[in-house]
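Structure file run.txt (compact mmCIF, C-alpha atoms) is printed below.
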# COMPACT_ATOMS: atom_id res chain seq x y z
CA MET A 324 96.45 84.57 90.83
CA ARG A 325 94.63 85.99 93.85
CA ASP A 326 94.97 89.56 95.06
CA ALA A 327 96.70 90.35 98.35
CA TYR A 328 95.63 93.06 100.78
CA VAL A 329 97.12 94.80 103.80
CA ILE A 330 94.65 94.57 106.68
CA GLY A 331 96.86 95.76 109.56
CA ALA A 332 100.24 97.39 110.06
CA GLY A 333 102.16 98.81 112.98
CA GLN A 334 105.58 99.69 114.28
CA SER A 335 107.31 100.29 117.55
CA SER A 336 108.82 103.66 118.25
CA PHE A 337 112.13 104.04 116.43
CA GLY A 338 115.12 105.29 118.41
CA SER A 339 117.66 104.23 121.03
CA PHE A 340 116.12 101.96 123.66
CA PRO A 341 118.69 100.36 125.98
CA GLU A 342 115.89 98.82 128.06
CA GLU A 343 114.33 97.01 125.05
CA THR A 344 115.22 93.85 123.14
CA TYR A 345 114.44 92.81 119.58
CA LEU A 346 111.72 90.60 121.08
CA SER A 347 110.00 93.37 123.02
CA LEU A 348 110.27 95.81 120.10
CA PHE A 349 108.64 93.32 117.76
CA GLU A 350 105.94 92.60 120.32
CA SER A 351 105.06 96.31 120.32
CA ALA A 352 104.92 96.42 116.51
CA PHE A 353 102.87 93.23 116.28
CA GLU A 354 100.33 94.39 118.85
CA THR A 355 99.96 97.70 117.01
CA ALA A 356 99.40 95.86 113.72
CA LEU A 357 96.65 93.76 115.33
CA GLU A 358 95.02 96.91 116.72
CA GLY A 359 95.02 98.35 113.20
CA VAL A 360 92.74 95.60 111.90
CA GLU A 361 89.10 96.66 111.81
CA GLY A 362 87.42 94.13 114.07
CA ASP A 363 88.59 91.39 116.41
CA PHE A 364 91.29 89.57 114.46
CA PRO A 365 92.34 86.14 115.82
CA THR A 366 96.08 85.49 115.76
CA GLU A 367 95.26 81.85 115.04
CA ALA A 368 94.37 82.98 111.52
CA ILE A 369 98.03 83.74 110.71
CA ASP A 370 99.30 80.89 108.55
CA GLU A 371 102.90 81.92 107.86
CA ALA A 372 105.45 84.56 108.85
CA TYR A 373 108.35 86.20 107.00
CA LEU A 374 110.62 88.44 109.07
CA GLY A 375 113.57 90.58 108.03
CA THR A 376 116.70 91.30 110.04
CA LEU A 377 120.43 91.72 109.54
CA GLY A 378 121.32 90.76 113.11
CA VAL A 379 123.48 93.75 114.08
CA GLY A 380 125.73 92.85 117.01
CA GLY A 381 125.43 89.14 116.35
CA ARG A 382 122.52 88.45 118.71
CA GLN A 383 120.55 85.30 117.94
CA ILE A 384 121.52 85.18 114.27
CA GLY A 385 120.30 81.61 113.96
CA LEU A 386 116.53 81.16 114.40
CA SER A 387 115.80 84.73 115.43
CA GLY A 388 112.61 84.60 113.35
CA PRO A 389 111.03 81.73 115.29
CA ALA A 390 112.25 83.35 118.52
CA VAL A 391 110.19 86.42 117.63
CA THR A 392 107.01 84.65 116.55
CA GLU A 393 107.08 82.32 119.55
CA HIS A 394 107.54 85.35 121.80
CA VAL A 395 104.32 86.94 120.50
CA GLY A 396 102.34 83.71 120.83
CA LEU A 397 102.34 82.45 117.23
CA HIS A 398 103.19 78.96 118.41
CA GLY A 399 104.07 76.58 115.60
CA VAL A 400 103.56 79.12 112.80
CA PRO A 401 106.15 78.48 110.04
CA THR A 402 108.58 81.39 110.19
CA THR A 403 111.24 82.35 107.67
CA ARG A 404 113.98 84.84 108.41
CA VAL A 405 114.88 87.03 105.42
CA GLU A 406 118.26 88.78 105.18
CA ASN A 407 118.76 91.24 102.35
CA ALA A 408 120.53 93.98 104.30
CA CYS A 409 118.44 97.17 104.50
CA ALA A 410 115.83 95.63 102.15
CA ALA A 411 115.27 92.61 104.40
CA SER A 412 111.68 93.33 105.40
CA GLY A 413 110.81 94.70 101.96
CA TYR A 414 111.67 91.25 100.67
CA ALA A 415 109.88 89.64 103.63
CA PHE A 416 106.74 91.54 102.62
CA ARG A 417 107.19 90.39 99.02
CA GLN A 418 107.33 86.78 100.24
CA ALA A 419 104.16 87.26 102.28
CA VAL A 420 102.36 88.74 99.28
CA THR A 421 103.54 85.87 97.08
CA ALA A 422 102.31 83.30 99.62
CA VAL A 423 98.84 84.87 99.72
CA ARG A 424 98.62 85.40 95.97
CA SER A 425 99.60 81.80 95.29
CA GLY A 426 96.80 80.46 97.48
CA MET A 427 99.24 78.72 99.81
CA VAL A 428 97.98 80.78 102.76
CA ASP A 429 95.10 83.13 103.55
CA VAL A 430 96.98 85.33 106.03
CA ALA A 431 100.71 85.99 106.25
CA LEU A 432 102.70 88.15 108.63
CA ALA A 433 105.58 90.24 107.30
CA GLY A 434 107.86 92.35 109.44
CA GLY A 435 111.31 93.14 110.66
CA TYR A 436 113.33 94.04 113.72
CA GLU A 437 116.77 95.38 114.60
CA VAL A 438 118.69 96.57 117.65
CA MET A 439 121.60 98.75 116.55
CA THR A 440 122.46 101.10 119.40
CA ASP A 441 123.82 98.72 122.04
CA THR A 442 127.17 98.08 120.34
CA SER A 443 130.20 100.31 120.01
CA ALA A 444 130.53 102.68 117.06
CA ASP A 445 133.27 100.49 115.58
CA GLN A 446 131.17 97.33 115.91
CA THR A 447 128.18 99.02 114.34
CA LYS A 448 130.30 100.17 111.39
CA TRP A 449 131.48 96.58 110.97
CA TRP A 450 127.93 95.23 110.89
CA LEU A 451 126.82 97.89 108.46
CA GLY A 452 129.88 97.20 106.34
CA VAL A 453 129.07 93.53 105.80
CA SER A 454 126.14 94.62 103.65
CA GLY A 455 128.55 96.22 101.20
CA GLU A 456 131.04 94.56 98.89
CA THR A 457 133.50 92.94 101.29
CA GLU A 458 136.24 91.60 99.03
CA TRP A 459 137.42 94.95 97.66
CA GLU A 460 135.40 97.96 98.86
CA ARG A 461 135.16 97.24 102.55
CA ILE A 462 138.68 95.86 102.92
CA SER A 463 140.03 99.06 101.39
CA GLY A 464 138.28 101.08 104.08
CA THR A 465 135.17 102.20 102.22
CA THR A 466 132.17 102.89 104.46
CA PHE A 467 128.53 103.18 103.44
CA ALA A 468 128.75 106.92 103.82
CA GLY A 469 131.80 106.78 101.56
CA VAL A 470 129.96 104.76 98.91
CA TYR A 471 127.00 107.15 98.83
CA ALA A 472 129.40 110.11 98.90
CA GLN A 473 130.85 108.80 95.63
CA MET A 474 127.34 108.70 94.19
CA ALA A 475 126.69 112.23 95.42
CA SER A 476 129.95 113.53 93.95
CA ALA A 477 129.19 111.94 90.59
CA HIS A 478 125.65 113.34 90.55
CA MET A 479 126.91 116.81 91.44
CA GLU A 480 129.52 116.60 88.70
CA GLU A 481 127.14 115.32 86.01
CA TYR A 482 124.00 117.31 86.82
CA ASP A 483 125.17 120.36 88.80
CA THR A 484 123.38 119.09 91.92
CA THR A 485 124.30 121.22 94.94
CA VAL A 486 124.84 120.77 98.66
CA GLU A 487 121.66 122.81 99.11
CA ASP A 488 119.75 120.22 97.08
CA LEU A 489 121.01 117.45 99.36
CA SER A 490 120.19 119.54 102.41
CA ARG A 491 116.61 120.13 101.31
CA VAL A 492 116.03 116.40 101.73
CA ALA A 493 116.96 116.75 105.39
CA VAL A 494 114.85 119.88 105.90
CA LYS A 495 111.75 118.30 104.35
CA ASN A 496 112.06 114.95 106.09
CA HIS A 497 112.87 116.41 109.49
CA LYS A 498 109.83 118.68 109.20
CA ASN A 499 107.67 115.63 108.51
CA GLY A 500 109.37 113.53 111.18
CA ALA A 501 108.85 116.23 113.81
CA ARG A 502 105.12 115.44 113.54
CA ASN A 503 105.67 111.68 113.88
CA PRO A 504 105.81 110.66 117.56
CA LYS A 505 107.52 107.38 116.66
CA ALA A 506 110.42 109.06 114.81
CA HIS A 507 113.97 108.69 116.10
CA LEU A 508 115.04 112.25 115.25
CA GLY A 509 111.75 114.07 115.71
CA PHE A 510 112.93 117.63 115.31
CA GLU A 511 113.04 120.21 112.56
CA CYS A 512 116.17 121.70 111.05
CA SER A 513 116.80 124.74 108.90
CA LEU A 514 118.50 124.76 105.52
CA GLU A 515 121.41 126.59 107.14
CA ASP A 516 121.68 123.83 109.79
CA ALA A 517 121.72 121.14 107.12
CA VAL A 518 124.22 122.89 104.86
CA SER A 519 126.71 123.71 107.61
CA ALA A 520 126.69 120.45 109.58
CA PRO A 521 129.99 118.62 110.23
CA SER A 522 131.36 116.59 107.33
CA VAL A 523 131.00 112.80 107.38
CA ALA A 524 132.22 111.84 103.90
CA ASP A 525 132.54 114.79 101.55
CA PRO A 526 130.16 116.02 100.15
CA LEU A 527 127.86 114.32 102.70
CA ASN A 528 127.58 115.83 106.14
CA LEU A 529 125.83 114.78 109.35
CA TYR A 530 122.42 116.03 108.24
CA HIS A 531 122.68 114.06 105.01
CA CYS A 532 122.93 110.72 106.88
CA CYS A 533 120.23 108.68 108.64
CA PRO A 534 120.77 107.49 112.23
CA THR A 535 121.42 103.97 113.49
CA THR A 536 118.21 102.94 115.15
CA ASP A 537 116.40 100.30 117.22
CA GLY A 538 112.92 99.32 116.11
CA ALA A 539 110.47 96.82 114.68
CA SER A 540 107.52 96.80 112.29
CA ALA A 541 104.80 94.33 111.31
CA VAL A 542 102.27 94.02 108.48
CA LEU A 543 99.36 91.58 108.05
CA VAL A 544 98.73 90.46 104.47
CA ALA A 545 95.49 88.65 103.61
CA SER A 546 93.44 87.30 100.74
CA GLU A 547 90.43 89.25 99.49
CA GLU A 548 88.06 86.81 101.20
CA VAL A 549 89.67 87.51 104.56
CA ALA A 550 90.21 91.23 103.94
CA THR A 551 86.53 91.87 103.22
CA GLU A 552 85.68 90.51 106.67
CA TYR A 553 87.66 93.35 108.25
CA GLY A 554 86.61 96.53 106.49
CA ASP A 555 84.92 98.13 103.51
CA GLU A 556 87.93 100.12 102.27
CA LEU A 557 90.61 97.70 101.14
CA ILE A 558 94.33 98.31 100.63
CA ARG A 559 95.37 96.15 97.70
CA VAL A 560 98.94 95.29 96.78
CA ALA A 561 98.57 96.45 93.19
CA GLY A 562 102.18 95.92 92.13
CA ALA A 563 105.18 94.10 93.56
CA GLY A 564 108.56 94.63 91.93
CA ALA A 565 112.00 93.47 92.99
CA ALA A 566 115.45 93.28 91.49
CA SER A 567 119.00 92.49 92.46
CA GLY A 568 122.06 94.47 91.40
CA ARG A 569 125.81 94.49 91.75
CA VAL A 570 126.70 94.68 95.43
CA GLY A 571 129.86 96.65 94.80
CA LEU A 572 129.64 100.18 93.46
CA PHE A 573 132.83 99.63 91.44
CA GLN A 574 131.11 96.77 89.59
CA ARG A 575 128.39 98.98 88.09
CA GLY A 576 128.30 100.98 84.91
CA THR A 577 126.87 104.08 86.60
CA LEU A 578 127.34 106.05 89.80
CA THR A 579 124.27 108.25 89.28
CA SER A 580 121.60 105.54 89.34
CA ILE A 581 120.72 102.35 91.19
CA PRO A 582 119.78 100.03 88.32
CA ALA A 583 117.91 97.62 90.61
CA SER A 584 115.59 100.47 91.63
CA VAL A 585 114.82 101.15 87.98
CA ARG A 586 114.00 97.50 87.27
CA ALA A 587 111.97 96.98 90.45
CA GLY A 588 110.01 100.17 89.85
CA GLU A 589 109.21 99.28 86.25
CA ALA A 590 107.98 95.84 87.33
CA ALA A 591 105.76 97.30 90.06
CA TYR A 592 104.25 99.95 87.76
CA GLU A 593 103.58 97.40 85.02
CA GLU A 594 101.84 95.00 87.36
CA ALA A 595 99.77 97.80 88.91
CA GLY A 596 98.88 99.19 85.50
CA ILE A 597 99.88 102.74 86.44
CA ALA A 598 102.58 105.30 85.73
CA PRO A 599 104.61 107.37 88.23
CA GLU A 600 102.34 110.37 87.65
CA ASP A 601 99.40 108.38 89.07
CA LEU A 602 100.98 108.17 92.53
CA ASP A 603 99.56 110.22 95.38
CA PHE A 604 102.45 109.65 97.80
CA ALA A 605 105.69 107.71 98.13
CA GLU A 606 108.04 106.42 100.81
CA VAL A 607 111.54 106.10 99.34
CA HIS A 608 114.79 104.81 100.81
CA ASP A 609 116.69 107.91 101.95
CA CYS A 610 119.52 106.34 103.98
CA PHE A 611 121.59 109.26 102.71
CA ALA A 612 120.24 112.44 101.14
CA ILE A 613 121.60 111.53 97.72
CA ALA A 614 119.63 108.26 97.88
CA GLU A 615 116.35 110.19 97.86
CA LEU A 616 117.44 112.20 94.83
CA LEU A 617 118.46 109.00 93.02
CA ALA A 618 115.10 107.44 93.90
CA TYR A 619 113.19 110.34 92.30
CA GLU A 620 115.02 109.73 89.04
CA ASP A 621 115.18 105.92 89.15
CA LEU A 622 111.46 105.63 89.90
CA GLY A 623 110.43 108.04 87.15
CA PHE A 624 109.28 110.94 89.32
CA CYS A 625 111.37 113.20 87.07
CA GLU A 626 113.96 113.11 84.31
CA ARG A 627 117.64 112.44 85.02
CA GLY A 628 119.30 115.37 86.72
CA GLU A 629 116.03 117.02 87.79
CA ALA A 630 115.70 115.61 91.31
CA GLY A 631 117.03 118.80 92.87
CA ARG A 632 114.37 120.78 91.03
CA LEU A 633 111.59 118.69 92.61
CA LEU A 634 112.87 119.66 96.04
CA ARG A 635 113.40 123.32 95.16
CA GLU A 636 109.87 123.58 93.73
CA GLY A 637 108.25 121.73 96.63
CA VAL A 638 106.91 118.90 94.45
CA THR A 639 107.66 116.30 97.15
CA ASP A 640 106.49 118.44 100.08
CA PRO A 641 103.31 117.32 101.89
CA ASP A 642 101.25 119.83 99.87
CA GLY A 643 103.10 119.15 96.62
CA GLU A 644 102.16 117.01 93.64
CA LEU A 645 103.91 113.92 95.04
CA PRO A 646 104.41 114.00 98.82
CA THR A 647 107.43 111.87 99.62
CA ASN A 648 108.58 110.50 102.97
CA THR A 649 105.71 111.96 104.95
CA SER A 650 106.79 109.64 107.79
CA GLY A 651 110.08 111.51 108.05
CA GLY A 652 111.86 108.87 105.99
CA LEU A 653 114.92 107.03 107.19
CA LYS A 654 116.55 110.42 107.72
CA SER A 655 114.22 111.46 110.54
CA LYS A 656 112.08 108.44 111.44
CA GLY A 657 115.19 106.24 111.62
CA HIS A 658 116.68 103.18 109.98
CA PRO A 659 116.52 99.97 112.04
CA ILE A 660 117.83 97.91 109.13
CA GLY A 661 115.54 94.89 109.25
CA ALA A 662 112.44 96.91 110.13
CA THR A 663 112.73 99.67 107.53
CA GLY A 664 110.92 98.09 104.57
CA THR A 665 107.76 97.14 106.42
CA GLY A 666 108.07 100.36 108.40
CA GLN A 667 107.52 102.21 105.12
CA ILE A 668 104.40 100.10 104.55
CA VAL A 669 103.09 101.14 107.97
CA GLU A 670 103.13 104.74 106.69
CA ALA A 671 101.31 103.69 103.52
CA PHE A 672 98.68 101.87 105.59
CA GLU A 673 98.13 104.92 107.78
CA GLN A 674 97.86 107.19 104.74
CA PHE A 675 95.11 105.08 103.22
CA ARG A 676 93.32 104.89 106.56
CA GLY A 677 93.49 108.68 106.95
CA GLU A 678 95.53 108.26 110.13
CA ALA A 679 98.96 109.53 109.07
CA HIS A 680 100.62 112.30 111.08
CA VAL A 681 101.30 114.15 107.84
CA GLN A 682 98.17 113.19 105.93
CA VAL A 683 97.73 113.27 102.15
CA GLU A 684 94.19 114.06 101.00
CA LYS A 685 92.29 110.93 99.88
CA PRO A 686 95.15 109.00 98.26
CA ARG A 687 94.36 106.24 95.78
CA TYR A 688 97.86 105.02 94.91
CA GLY A 689 101.01 104.95 97.03
CA LEU A 690 104.49 103.50 96.60
CA THR A 691 107.20 102.15 98.90
CA HIS A 692 110.83 101.73 97.82
CA ASN A 693 113.31 99.75 99.94
CA VAL A 694 117.02 99.43 99.04
CA GLY A 695 119.50 96.89 100.37
CA GLY A 696 123.03 98.18 100.88
CA SER A 697 123.95 100.56 98.07
CA GLY A 698 121.63 98.80 95.62
CA GLY A 699 122.33 95.08 95.77
CA GLY A 700 118.64 94.34 96.31
CA VAL A 701 115.56 96.52 95.91
CA THR A 702 111.81 96.10 96.37
CA VAL A 703 109.13 98.47 95.13
CA HIS A 704 105.47 98.02 96.05
CA VAL A 705 102.47 99.92 94.75
CA PHE A 706 99.31 100.02 96.86
CA GLU A 707 95.77 100.94 95.84
CA ARG A 708 92.82 101.90 98.01
CA GLU A 709 89.63 100.31 96.74
CA GLU A 710 86.07 99.81 97.94
CA ALA A 711 84.95 96.33 98.95
CA ALA A 712 82.59 94.74 96.43
Would you give me this structure, written as structure tokens?
Amino acid sequence: MRDAYVIGAGQSSFGSFPEETYLSLFESAFETALEGVEGDFPTEAIDEAYLGTLGVGGRQIGLSGPAVTEHVGLHGVPTTRVENACAASGYAFRQAVTAVRSGMVDVALAGGYEVMTDTSADQTKWWLGVSGETEWERISGTTFAGVYAQMASAHMEEYDTTVEDLSRVAVKNHKNGARNPKAHLGFECSLEDAVSAPSVADPLNLYHCCPTTDGASAVLVASEEVATEYGDELIRVAGAGAASGRVGLFQRGTLTSIPASVRAGEAAYEEAGIAPEDLDFAEVHDCFAIAELLAYEDLGFCERGEAGRLLREGVTDPDGELPTNTSGGLKSKGHPIGATGTGQIVEAFEQFRGEAHVQVEKPRYGLTHNVGGSGGGVTVHVFEREEAA
């Protein structure tokens, strides 16, 4: 099996852009990814494309992938649309990596796109809701905030997690996002702000929830032979893990873990030949504050029930032992569903290139963690910076 490398990555700004379309947003991300390649990279070298989107609002659900690649001039390139809710482009990236590793292609494009802010609040809730369990949970009125609120309540009950612990996620990620010019909510907040914000679904309040966002992201994945033509420092996909899980929260045996995250993380670590303590940074799926705490525990950053301690002790701060969500995370950078997974990889790419807005010193290993819905599908990727032979 061949190795796969990231040679370019870029995203559009994330936010609310009534003047943009999913086509123009992806064009911005794609052009930025091309600019990130060291040297003059010909688009004719792209053999295949895998693009993630949910299709919020119902626009161009059929064949939106080819619509995007044709728009950016990739005429005739085989394009597959991937839909796995919020993990759509994480899975698209996995497909691109698999295609390169298998030898089927030398260069694959992975990415995602979503426009979420041009529909009514009720319509947006409906589109978000279809990524949850629709036969029982959604029909009974459960929202995504409600599902994650149940997780938060259970974690608080079992491990004495506090509202302050949840709020520290917001404080940290907003502080990071305030330094990211492409973040949707690029402002800082105090712990008092985050604790006292209006309730959304008890115990979660406004500052514990990510925004609905427009945006796109793109990543170029290449074989070692191609990658060495475009730079001396390579970014290798050291581990690729994925797992599915029960879509409905009521179908699971636990409310304080996402089992698919555990399985995907274990697979990625095993393939990379590392342990969680070897990581230098991580981008985890913080759609709600409790999701970041669960990720710490599911991915082995700490023992069960100790996620709050990591935040209190600053372990996941930019100057801590494991900086997490230096991009601002979904909470601050934003969550354009289909673009989120590869958007996390953009941050990893910039970290390894020394170009991140909140830069970690000389990272060797980094991780991205992308969750679909409340845990129905998860991808975890481990990246390694290595010198070209």
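Proximity of A:Glu556, A:Glu456, A:Asp537, A:Glu684 to Gly568 in chain A, computed with all atoms listed in the file, is greatest for A:Glu456.
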task = Fewer than 3 positions away in the same chain doesn't count, so skip those; otherwise give me all residues within 10 Å of range 418-428 of chain A, counting only C-alpha atoms, as a PyMOL selection string.
result = chain A and resi 324-329+368-374+403+405+412-415+431-434+542-547+560+563
Those same residues, written as a tab-separated table (two decimals), in the frame of the given file with C-alpha atoms?
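Wrote it out as part_12.tsv, contents follow:
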chain	number	residue	atom	x	y	z
A	324	MET	CA	96.45	84.57	90.83
A	325	ARG	CA	94.63	85.99	93.85
A	326	ASP	CA	94.97	89.56	95.06
A	327	ALA	CA	96.70	90.35	98.35
A	328	TYR	CA	95.63	93.06	100.78
A	329	VAL	CA	97.12	94.80	103.80
A	368	ALA	CA	94.37	82.98	111.52
A	369	ILE	CA	98.03	83.74	110.71
A	370	ASP	CA	99.30	80.89	108.55
A	371	GLU	CA	102.90	81.92	107.86
A	372	ALA	CA	105.45	84.56	108.85
A	373	TYR	CA	108.35	86.20	107.00
A	374	LEU	CA	110.62	88.44	109.07
A	403	THR	CA	111.24	82.35	107.67
A	405	VAL	CA	114.88	87.03	105.42
A	412	SER	CA	111.68	93.33	105.40
A	413	GLY	CA	110.81	94.70	101.96
A	414	TYR	CA	111.67	91.25	100.67
A	415	ALA	CA	109.88	89.64	103.63
A	431	ALA	CA	100.71	85.99	106.25
A	432	LEU	CA	102.70	88.15	108.63
A	433	ALA	CA	105.58	90.24	107.30
A	434	GLY	CA	107.86	92.35	109.44
A	542	VAL	CA	102.27	94.02	108.48
A	543	LEU	CA	99.36	91.58	108.05
A	544	VAL	CA	98.73	90.46	104.47
A	545	ALA	CA	95.49	88.65	103.61
A	546	SER	CA	93.44	87.30	100.74
A	547	GLU	CA	90.43	89.25	99.49
A	560	VAL	CA	98.94	95.29	96.78
A	563	ALA	CA	105.18	94.10	93.56
key: Polymer residues at most 12 Å from Ser387 in chain A, all atoms listed in the file, same-chain spacing of 5 or more positions, as a ChimeraX atom specification   = /A:344-346,349,373-379,381-382,392-394,402-406,435-437,661
message = When you look at Leu602 in chain A with a cut-off of 10 Å (counting all atoms listed in the file), what residues show up, excluding the ones that are within fewer than 6 positions of it in the same chain? I need them as a count of residues only.
response = 12
message = Calculated over only C-alpha atoms, which of the candidates A:Leu489, A:Ala332, A:Ala411, A:Ala679 has the smallest distance to Arg502 in chain A?
response =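 Of all the options, A:Ala679 lies closest to Arg502 in chain A.
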message = I want to know what sits within 9 Å of Leu357 in chain A, based on only C-alpha atoms, with residues of the same chain fewer than 3 positions away left out; could you give that as a VMD selection string?
response = chain A and resid 330 to 333 352 to 354 360 to 361 363 to 366 542 to 543
key: Top pick for closest residue to Glu589 in chain A, considering A:Arg632, A:Tyr482, A:Val703, A:Glu342 and counting all atoms listed in the file   =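 Going through A:Arg632, A:Tyr482, A:Val703, A:Glu342 one by one, the smallest distance to Glu589 in chain A is for A:Val703.
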task = Would you please work out which residue, of A:Ala541, A:Val607, A:Ala587, A:Leu622, is nearest to Gly359 in chain A when using only C-alpha atoms?
result =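 Counting only C-alpha atoms, the residue closest to Gly359 in chain A is A:Ala541.
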task = Scan for residues within 7 Å of the point (110.0, 122.3, 106.1) in the coordinates of the file, using only C-alpha atoms, and reply as JSON, numbers by chain.
result = {"A": [494, 495, 498]}
key: CA of His608 in chain A to CA of Glu515 in chain A, straight-line distance in Å   = 23.6 Å
ask   = CA of Gly637 in chain A and CA of Tyr530 in chain A are how many Å apart?
value = 19.2 Å
ask   = What is the distance, in Å and to one decimal place, between CA of Cys409 in chain A and CA of Gln682 in chain A?
value =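 Computing it gives 25.9 Å between the two atoms.
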inquiry  = If we count only C-alpha atoms and set the cut-off at 8 Å, which residues sit around Glu460 in chain A, ignoring sequence neighbours fewer than 5 positions away in its own chain? Please answer as number ranges by chain.
reply    = A: 455, 465, 571
task = Determine the nearest neighbour of Thr484 in chain A from the options A:Gly695, A:Gly631, A:Gly362, A:Gly623, counting all atoms listed in the file.
result = A:Gly631
key: Proximity to Asp429 in chain A - best of A:Glu367, A:Leu527, A:Lys685, A:Val570, all atoms listed in the file   =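 Checking each candidate against Asp429 in chain A, we get A:Glu367 as the closest.
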Render range 541-562 of chain A from the structure in the preceding block as a file of N, CA and C atoms, as a PDB file, in the first residue's frame.
ATOM      1  N   ALA A 541     -11.160  22.617   0.714  1.00  0.00           N
ATOM      2  CA  ALA A 541     -10.617  21.716  -0.300  1.00  0.00           C
ATOM      3  C   ALA A 541      -9.227  21.263   0.105  1.00  0.00           C
ATOM      4  N   VAL A 542      -8.919  19.997  -0.178  1.00  0.00           N
ATOM      5  CA  VAL A 542      -7.625  19.405   0.172  1.00  0.00           C
ATOM      6  C   VAL A 542      -7.142  18.567  -1.006  1.00  0.00           C
ATOM      7  N   LEU A 543      -5.868  18.704  -1.360  1.00  0.00           N
ATOM      8  CA  LEU A 543      -5.256  17.911  -2.422  1.00  0.00           C
ATOM      9  C   LEU A 543      -4.431  16.799  -1.802  1.00  0.00           C
ATOM     10  N   VAL A 544      -4.728  15.559  -2.181  1.00  0.00           N
ATOM     11  CA  VAL A 544      -4.067  14.375  -1.658  1.00  0.00           C
ATOM     12  C   VAL A 544      -3.274  13.736  -2.802  1.00  0.00           C
ATOM     13  N   ALA A 545      -2.011  13.398  -2.548  1.00  0.00           N
ATOM     14  CA  ALA A 545      -1.152  12.900  -3.621  1.00  0.00           C
ATOM     15  C   ALA A 545      -0.287  11.746  -3.141  1.00  0.00           C
ATOM     16  N   SER A 546       0.216  10.992  -4.102  1.00  0.00           N
ATOM     17  CA  SER A 546       1.176   9.934  -3.821  1.00  0.00           C
ATOM     18  C   SER A 546       2.518  10.545  -3.442  1.00  0.00           C
ATOM     19  N   GLU A 547       3.410   9.727  -2.890  1.00  0.00           N
ATOM     20  CA  GLU A 547       4.727  10.226  -2.501  1.00  0.00           C
ATOM     21  C   GLU A 547       5.503  10.737  -3.713  1.00  0.00           C
ATOM     22  N   GLU A 548       5.378  10.038  -4.829  1.00  0.00           N
ATOM     23  CA  GLU A 548       6.092  10.452  -6.043  1.00  0.00           C
ATOM     24  C   GLU A 548       5.699  11.859  -6.455  1.00  0.00           C
ATOM     25  N   VAL A 549       4.397  12.152  -6.399  1.00  0.00           N
ATOM     26  CA  VAL A 549       3.940  13.491  -6.749  1.00  0.00           C
ATOM     27  C   VAL A 549       4.307  14.481  -5.653  1.00  0.00           C
ATOM     28  N   ALA A 550       4.101  14.102  -4.397  1.00  0.00           N
ATOM     29  CA  ALA A 550       4.327  15.025  -3.278  1.00  0.00           C
ATOM     30  C   ALA A 550       5.761  15.527  -3.234  1.00  0.00           C
ATOM     31  N   THR A 551       6.726  14.659  -3.541  1.00  0.00           N
ATOM     32  CA  THR A 551       8.124  15.068  -3.477  1.00  0.00           C
ATOM     33  C   THR A 551       8.481  16.078  -4.562  1.00  0.00           C
ATOM     34  N   GLU A 552       7.641  16.206  -5.576  1.00  0.00           N
ATOM     35  CA  GLU A 552       7.871  17.220  -6.604  1.00  0.00           C
ATOM     36  C   GLU A 552       7.509  18.618  -6.116  1.00  0.00           C
ATOM     37  N   TYR A 553       6.755  18.673  -4.996  1.00  0.00           N
ATOM     38  CA  TYR A 553       6.209  19.961  -4.560  1.00  0.00           C
ATOM     39  C   TYR A 553       6.598  20.315  -3.127  1.00  0.00           C
ATOM     40  N   GLY A 554       7.807  19.956  -2.720  1.00  0.00           N
ATOM     41  CA  GLY A 554       8.253  20.369  -1.401  1.00  0.00           C
ATOM     42  C   GLY A 554       9.142  19.341  -0.742  1.00  0.00           C
ATOM     43  N   ASP A 555       9.956  19.806   0.197  1.00  0.00           N
ATOM     44  CA  ASP A 555      10.860  18.934   0.926  1.00  0.00           C
ATOM     45  C   ASP A 555      10.273  18.445   2.242  1.00  0.00           C
ATOM     46  N   GLU A 556       9.356  19.228   2.835  1.00  0.00           N
ATOM     47  CA  GLU A 556       8.686  18.796   4.057  1.00  0.00           C
ATOM     48  C   GLU A 556       7.313  18.258   3.675  1.00  0.00           C
ATOM     49  N   LEU A 557       7.110  16.976   3.913  1.00  0.00           N
ATOM     50  CA  LEU A 557       5.893  16.307   3.486  1.00  0.00           C
ATOM     51  C   LEU A 557       4.923  16.132   4.652  1.00  0.00           C
ATOM     52  N   ILE A 558       3.640  16.152   4.335  1.00  0.00           N
ATOM     53  CA  ILE A 558       2.595  15.937   5.340  1.00  0.00           C
ATOM     54  C   ILE A 558       1.913  14.613   5.001  1.00  0.00           C
ATOM     55  N   ARG A 559       2.308  13.591   5.711  1.00  0.00           N
ATOM     56  CA  ARG A 559       1.828  12.232   5.429  1.00  0.00           C
ATOM     57  C   ARG A 559       0.562  11.925   6.203  1.00  0.00           C
ATOM     58  N   VAL A 560      -0.362  11.236   5.562  1.00  0.00           N
ATOM     59  CA  VAL A 560      -1.534  10.718   6.265  1.00  0.00           C
ATOM     60  C   VAL A 560      -1.086   9.430   6.945  1.00  0.00           C
ATOM     61  N   ALA A 561      -0.730   9.554   8.223  1.00  0.00           N
ATOM     62  CA  ALA A 561      -0.134   8.428   8.941  1.00  0.00           C
ATOM     63  C   ALA A 561      -1.174   7.411   9.385  1.00  0.00           C
ATOM     64  N   GLY A 562      -2.383   7.884   9.669  1.00  0.00           N
ATOM     65  CA  GLY A 562      -3.438   6.984  10.135  1.00  0.00           C
ATOM     66  C   GLY A 562      -4.797   7.476   9.725  1.00  0.00           C
TER      67      GLY A 562
END
